[in-house]
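**Q** Could you have a look at this structure, given as C-alpha cells, before my questions?
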Amino acid sequence: MSVNFVFDSNLDDEAKRLCHQYWSYVSPNDYIAHLKILCYDYNIRSDELFATLAKCQVYLDDIHCEYCGRPYHLDVPADIPHARQQKSWFCDGCISFSGGQLTVGR
C-alpha cells in the first residue's frame with residue numbers, strides 16, 4: 001500500500017507523525033481501540049485527534065481517475081481495500097462534469 005500525504009502548512013512534525021500512525025491502521029476489527037491508543041500516546045482528546053487529522057489529506061498513489069488522472073482521495077483507512085477492489089474509478093468532479101454518465105466501476 002502506498003499513500004501520499006498532503007499536510008496543512010501549520011502542522012508540526014509531531015502532528016504529522018500522528019497522521020502517519022493513524023493511516024498505518026490495517027486491522028478491520030479494532031478501529032476504536034486504534035483511536036484510543038493514538039489519543040493516549042499523544043495525550044490528546046478525540047476531538048483534538050480528528051481536528052489534526054482534518055489537516056491532512058491522503059491519496060492512493062496508484063489509483064487515479066480514468067478521465068482526469070486525479071489520485072484517489074481517502075477519508076478513512078477502511079477506504080483502501082474498497083478502492084483497490086474497483087476495476088475502474090472516476091472522481092466526483094468528472095462524474096459531475098459528465099452529467100453522471102461516467103459511473104463505470106462505482
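Labeling convention for the C-alpha cells: chains A, B, ... as they appear, residues from 1 per chain, ligands from 1 in order of appearance.
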May I have the residues within 10 Å of region 29-37 of chain A as a list of chain:residue names, using only C-alpha atoms and disregarding those fewer than 5 positions away in the same chain?

**A**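 Using only C-alpha atoms, the neighbours found are A:Gln21, A:Tyr22, A:Ser24, A:Tyr42, A:Asn43, A:Ile44, A:Arg45, A:Ser46, A:Leu49, A:Phe50, A:Pro77, A:Ala78.
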
**Q** Could you save the residues just selected, with N, CA and C atoms, as a PDB file, in the first residue's frame?

**A**
ATOM      1  N   GLN A  21       0.696   7.605  11.795  1.00  0.00           N
ATOM      2  CA  GLN A  21       0.295   6.480  12.636  1.00  0.00           C
ATOM      3  C   GLN A  21      -1.169   6.138  12.445  1.00  0.00           C
ATOM      4  N   TYR A  22      -2.017   7.149  12.338  1.00  0.00           N
ATOM      5  CA  TYR A  22      -3.437   6.906  12.102  1.00  0.00           C
ATOM      6  C   TYR A  22      -3.625   6.106  10.815  1.00  0.00           C
ATOM      7  N   SER A  24      -1.593   4.168   9.346  1.00  0.00           N
ATOM      8  CA  SER A  24      -0.931   2.865   9.345  1.00  0.00           C
ATOM      9  C   SER A  24      -1.855   1.754   9.833  1.00  0.00           C
ATOM     10  N   TYR A  42      -0.510  10.314  22.361  1.00  0.00           N
ATOM     11  CA  TYR A  42      -0.248  11.730  22.079  1.00  0.00           C
ATOM     12  C   TYR A  42      -0.861  12.664  23.125  1.00  0.00           C
ATOM     13  N   ASN A  43      -1.474  12.055  24.143  1.00  0.00           N
ATOM     14  CA  ASN A  43      -2.074  12.807  25.244  1.00  0.00           C
ATOM     15  C   ASN A  43      -3.038  13.890  24.724  1.00  0.00           C
ATOM     16  N   ILE A  44      -3.974  13.443  23.875  1.00  0.00           N
ATOM     17  CA  ILE A  44      -4.962  14.351  23.305  1.00  0.00           C
ATOM     18  C   ILE A  44      -6.356  13.732  23.432  1.00  0.00           C
ATOM     19  N   ARG A  45      -7.371  14.567  23.307  1.00  0.00           N
ATOM     20  CA  ARG A  45      -8.756  14.099  23.308  1.00  0.00           C
ATOM     21  C   ARG A  45      -9.138  13.711  21.875  1.00  0.00           C
ATOM     22  N   SER A  46     -10.222  12.986  21.751  1.00  0.00           N
ATOM     23  CA  SER A  46     -10.640  12.532  20.426  1.00  0.00           C
ATOM     24  C   SER A  46     -10.974  13.701  19.496  1.00  0.00           C
ATOM     25  N   LEU A  49      -7.763  14.873  18.140  1.00  0.00           N
ATOM     26  CA  LEU A  49      -7.274  13.909  17.157  1.00  0.00           C
ATOM     27  C   LEU A  49      -7.899  14.178  15.797  1.00  0.00           C
ATOM     28  N   PHE A  50      -9.220  14.294  15.772  1.00  0.00           N
ATOM     29  CA  PHE A  50      -9.903  14.492  14.493  1.00  0.00           C
ATOM     30  C   PHE A  50      -9.648  15.875  13.905  1.00  0.00           C
ATOM     31  N   PRO A  77      -8.986   4.834   6.762  1.00  0.00           N
ATOM     32  CA  PRO A  77      -8.192   3.685   6.321  1.00  0.00           C
ATOM     33  C   PRO A  77      -9.031   2.561   5.703  1.00  0.00           C
ATOM     34  N   ALA A  78     -10.286   2.427   6.118  1.00  0.00           N
ATOM     35  CA  ALA A  78     -11.142   1.372   5.567  1.00  0.00           C
ATOM     36  C   ALA A  78     -11.428   1.584   4.083  1.00  0.00           C
TER      37      ALA A  78
END

**Q** Counting only C-alpha atoms, what is within 12 Å of region 13-16 of chain A, bar same-chain residues fewer than 6 positions away, as a ChimeraX atom specification?

**A** /A:5-7,22-23,38-39,41-44,48-58

**Q** Would you put the residues from that selection into a file with C-alpha atoms, as a PDB file, in the first residue's frame?

**A**
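out.pdb, written as the output of this step:
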ATOM      1  CA  PHE A   5       0.164  12.801   2.354  1.00  0.00           C
ATOM      2  CA  VAL A   6      -0.649  16.466   1.877  1.00  0.00           C
ATOM      3  CA  PHE A   7      -0.328  18.347   5.150  1.00  0.00           C
ATOM      4  CA  TYR A  22      -3.437   6.906  12.102  1.00  0.00           C
ATOM      5  CA  TRP A  23      -3.113   5.857   8.465  1.00  0.00           C
ATOM      6  CA  LEU A  38      -3.414   7.326  19.495  1.00  0.00           C
ATOM      7  CA  CYS A  39      -5.180   9.645  21.937  1.00  0.00           C
ATOM      8  CA  ASP A  41       0.075   8.077  23.122  1.00  0.00           C
ATOM      9  CA  TYR A  42      -0.248  11.730  22.079  1.00  0.00           C
ATOM     10  CA  ASN A  43      -2.074  12.807  25.244  1.00  0.00           C
ATOM     11  CA  ILE A  44      -4.962  14.351  23.305  1.00  0.00           C
ATOM     12  CA  GLU A  48      -8.201  17.093  19.019  1.00  0.00           C
ATOM     13  CA  LEU A  49      -7.274  13.909  17.157  1.00  0.00           C
ATOM     14  CA  PHE A  50      -9.903  14.492  14.493  1.00  0.00           C
ATOM     15  CA  ALA A  51      -9.076  18.195  14.247  1.00  0.00           C
ATOM     16  CA  THR A  52      -5.471  17.224  13.492  1.00  0.00           C
ATOM     17  CA  LEU A  53      -6.483  14.521  11.013  1.00  0.00           C
ATOM     18  CA  ALA A  54      -8.672  17.048   9.191  1.00  0.00           C
ATOM     19  CA  LYS A  55      -5.484  18.980   8.366  1.00  0.00           C
ATOM     20  CA  CYS A  56      -4.069  16.033   6.452  1.00  0.00           C
ATOM     21  CA  GLN A  57      -5.261  14.766   3.083  1.00  0.00           C
ATOM     22  CA  VAL A  58      -4.290  11.294   1.960  1.00  0.00           C
TER      23      VAL A  58
END

**Q** Using only C-alpha atoms, find the one residue out of A:Asn4, A:Asp12, A:His20, A:Ser98 that sits nearest to Cys68 (chain A).

**A** A:Ser98

**Q** Rounded to one decimal in Å, what is the spacing between CA of His64 (chain A) and CA of Leu11 (chain A)?

**A**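 So the two atoms, CA of His64 (chain A) and CA of Leu11 (chain A), lie 26.6 Å apart.
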
**Q** Please, what distance in Å, to one decimal, runs between CA of Gly69 (chain A) and CA of Phe90 (chain A)?

**A**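 Pair CA of Gly69 (chain A) / CA of Phe90 (chain A) returns 8.8 Å.
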
**Q** Tell me which of A:Leu18, A:Ile95, A:Cys65, A:Val3 sits closest to Ile80 (chain A), counting only C-alpha atoms.

**A**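 Smallest distance to Ile80 (chain A) is found for A:Val3.
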
**Q** Among region 30-72 of chain A, which residues carry a DSSP assignment of strand (DSSP E), reported as a PyMOL selection string?

**A** chain A and resi 56-64+71-72

**Q** Which of these residues is nearest to His82 (chain A), using only C-alpha atoms: A:Ile63, A:Arg17, A:Asp47, A:Cys94?

**A** A:Ile63

**Q** For a test of reading the model, state the distance in Å between CA of Gly93 (chain A) and CA of Asn10 (chain A), rounded to one decimal.

**A**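 Going from CA of Gly93 (chain A) over to CA of Asn10 (chain A) covers 27.6 Å.
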
**Q** Which of region 26-78 of chain A end up as helix (DSSP H, G or I) when DSSP is run on this backbone - answer as a PyMOL selection string?

**A** chain A and resi 31-42+46-53

**Q** Produce a file of the selected residues containing N, CA and C atoms, as a CSV table (one decimal), in the first residue's frame.

**A**
chain,number,residue,atom,x,y,z
A,31,TYR,N,-10.7,-0.6,15.2
A,31,TYR,CA,-10.5,0.8,14.8
A,31,TYR,C,-10.7,1.7,16.0
A,32,ILE,N,-11.7,1.5,16.9
A,32,ILE,CA,-11.9,2.3,18.0
A,32,ILE,C,-10.7,2.2,19.0
A,33,ALA,N,-10.2,1.0,19.2
A,33,ALA,CA,-9.0,0.8,20.0
A,33,ALA,C,-7.8,1.5,19.4
A,34,HIS,N,-7.7,1.5,18.1
A,34,HIS,CA,-6.6,2.3,17.5
A,34,HIS,C,-6.7,3.8,17.8
A,35,LEU,N,-7.9,4.3,17.7
A,35,LEU,CA,-8.1,5.7,18.1
A,35,LEU,C,-7.8,6.0,19.5
A,36,LYS,N,-8.2,5.1,20.4
A,36,LYS,CA,-7.9,5.3,21.8
A,36,LYS,C,-6.4,5.3,22.1
A,37,ILE,N,-5.7,4.4,21.5
A,37,ILE,CA,-4.3,4.3,21.6
A,37,ILE,C,-3.6,5.6,21.2
A,38,LEU,N,-4.0,6.1,20.0
A,38,LEU,CA,-3.4,7.3,19.5
A,38,LEU,C,-3.7,8.5,20.5
A,39,CYS,N,-4.9,8.6,21.0
A,39,CYS,CA,-5.2,9.6,21.9
A,39,CYS,C,-4.3,9.5,23.2
A,40,TYR,N,-4.2,8.3,23.7
A,40,TYR,CA,-3.3,8.1,24.8
A,40,TYR,C,-1.9,8.4,24.6
A,41,ASP,N,-1.3,7.9,23.5
A,41,ASP,CA,0.1,8.1,23.1
A,41,ASP,C,0.4,9.5,22.9
A,42,TYR,N,-0.5,10.3,22.4
A,42,TYR,CA,-0.2,11.7,22.1
A,42,TYR,C,-0.9,12.7,23.1
A,46,SER,N,-10.2,13.0,21.8
A,46,SER,CA,-10.6,12.5,20.4
A,46,SER,C,-11.0,13.7,19.5
A,47,ASP,N,-11.5,14.8,20.0
A,47,ASP,CA,-11.8,15.9,19.2
A,47,ASP,C,-10.5,16.6,18.6
A,48,GLU,N,-9.5,16.6,19.5
A,48,GLU,CA,-8.2,17.1,19.0
A,48,GLU,C,-7.6,16.2,18.0
A,49,LEU,N,-7.8,14.9,18.1
A,49,LEU,CA,-7.3,13.9,17.2
A,49,LEU,C,-7.9,14.2,15.8
A,50,PHE,N,-9.2,14.3,15.8
A,50,PHE,CA,-9.9,14.5,14.5
A,50,PHE,C,-9.6,15.9,13.9
A,51,ALA,N,-9.4,16.9,14.8
A,51,ALA,CA,-9.1,18.2,14.2
A,51,ALA,C,-7.7,18.1,13.6
A,52,THR,N,-6.8,17.4,14.1
A,52,THR,CA,-5.5,17.2,13.5
A,52,THR,C,-5.6,16.4,12.2
A,53,LEU,N,-6.3,15.3,12.2
A,53,LEU,CA,-6.5,14.5,11.0
A,53,LEU,C,-7.2,15.3,9.9
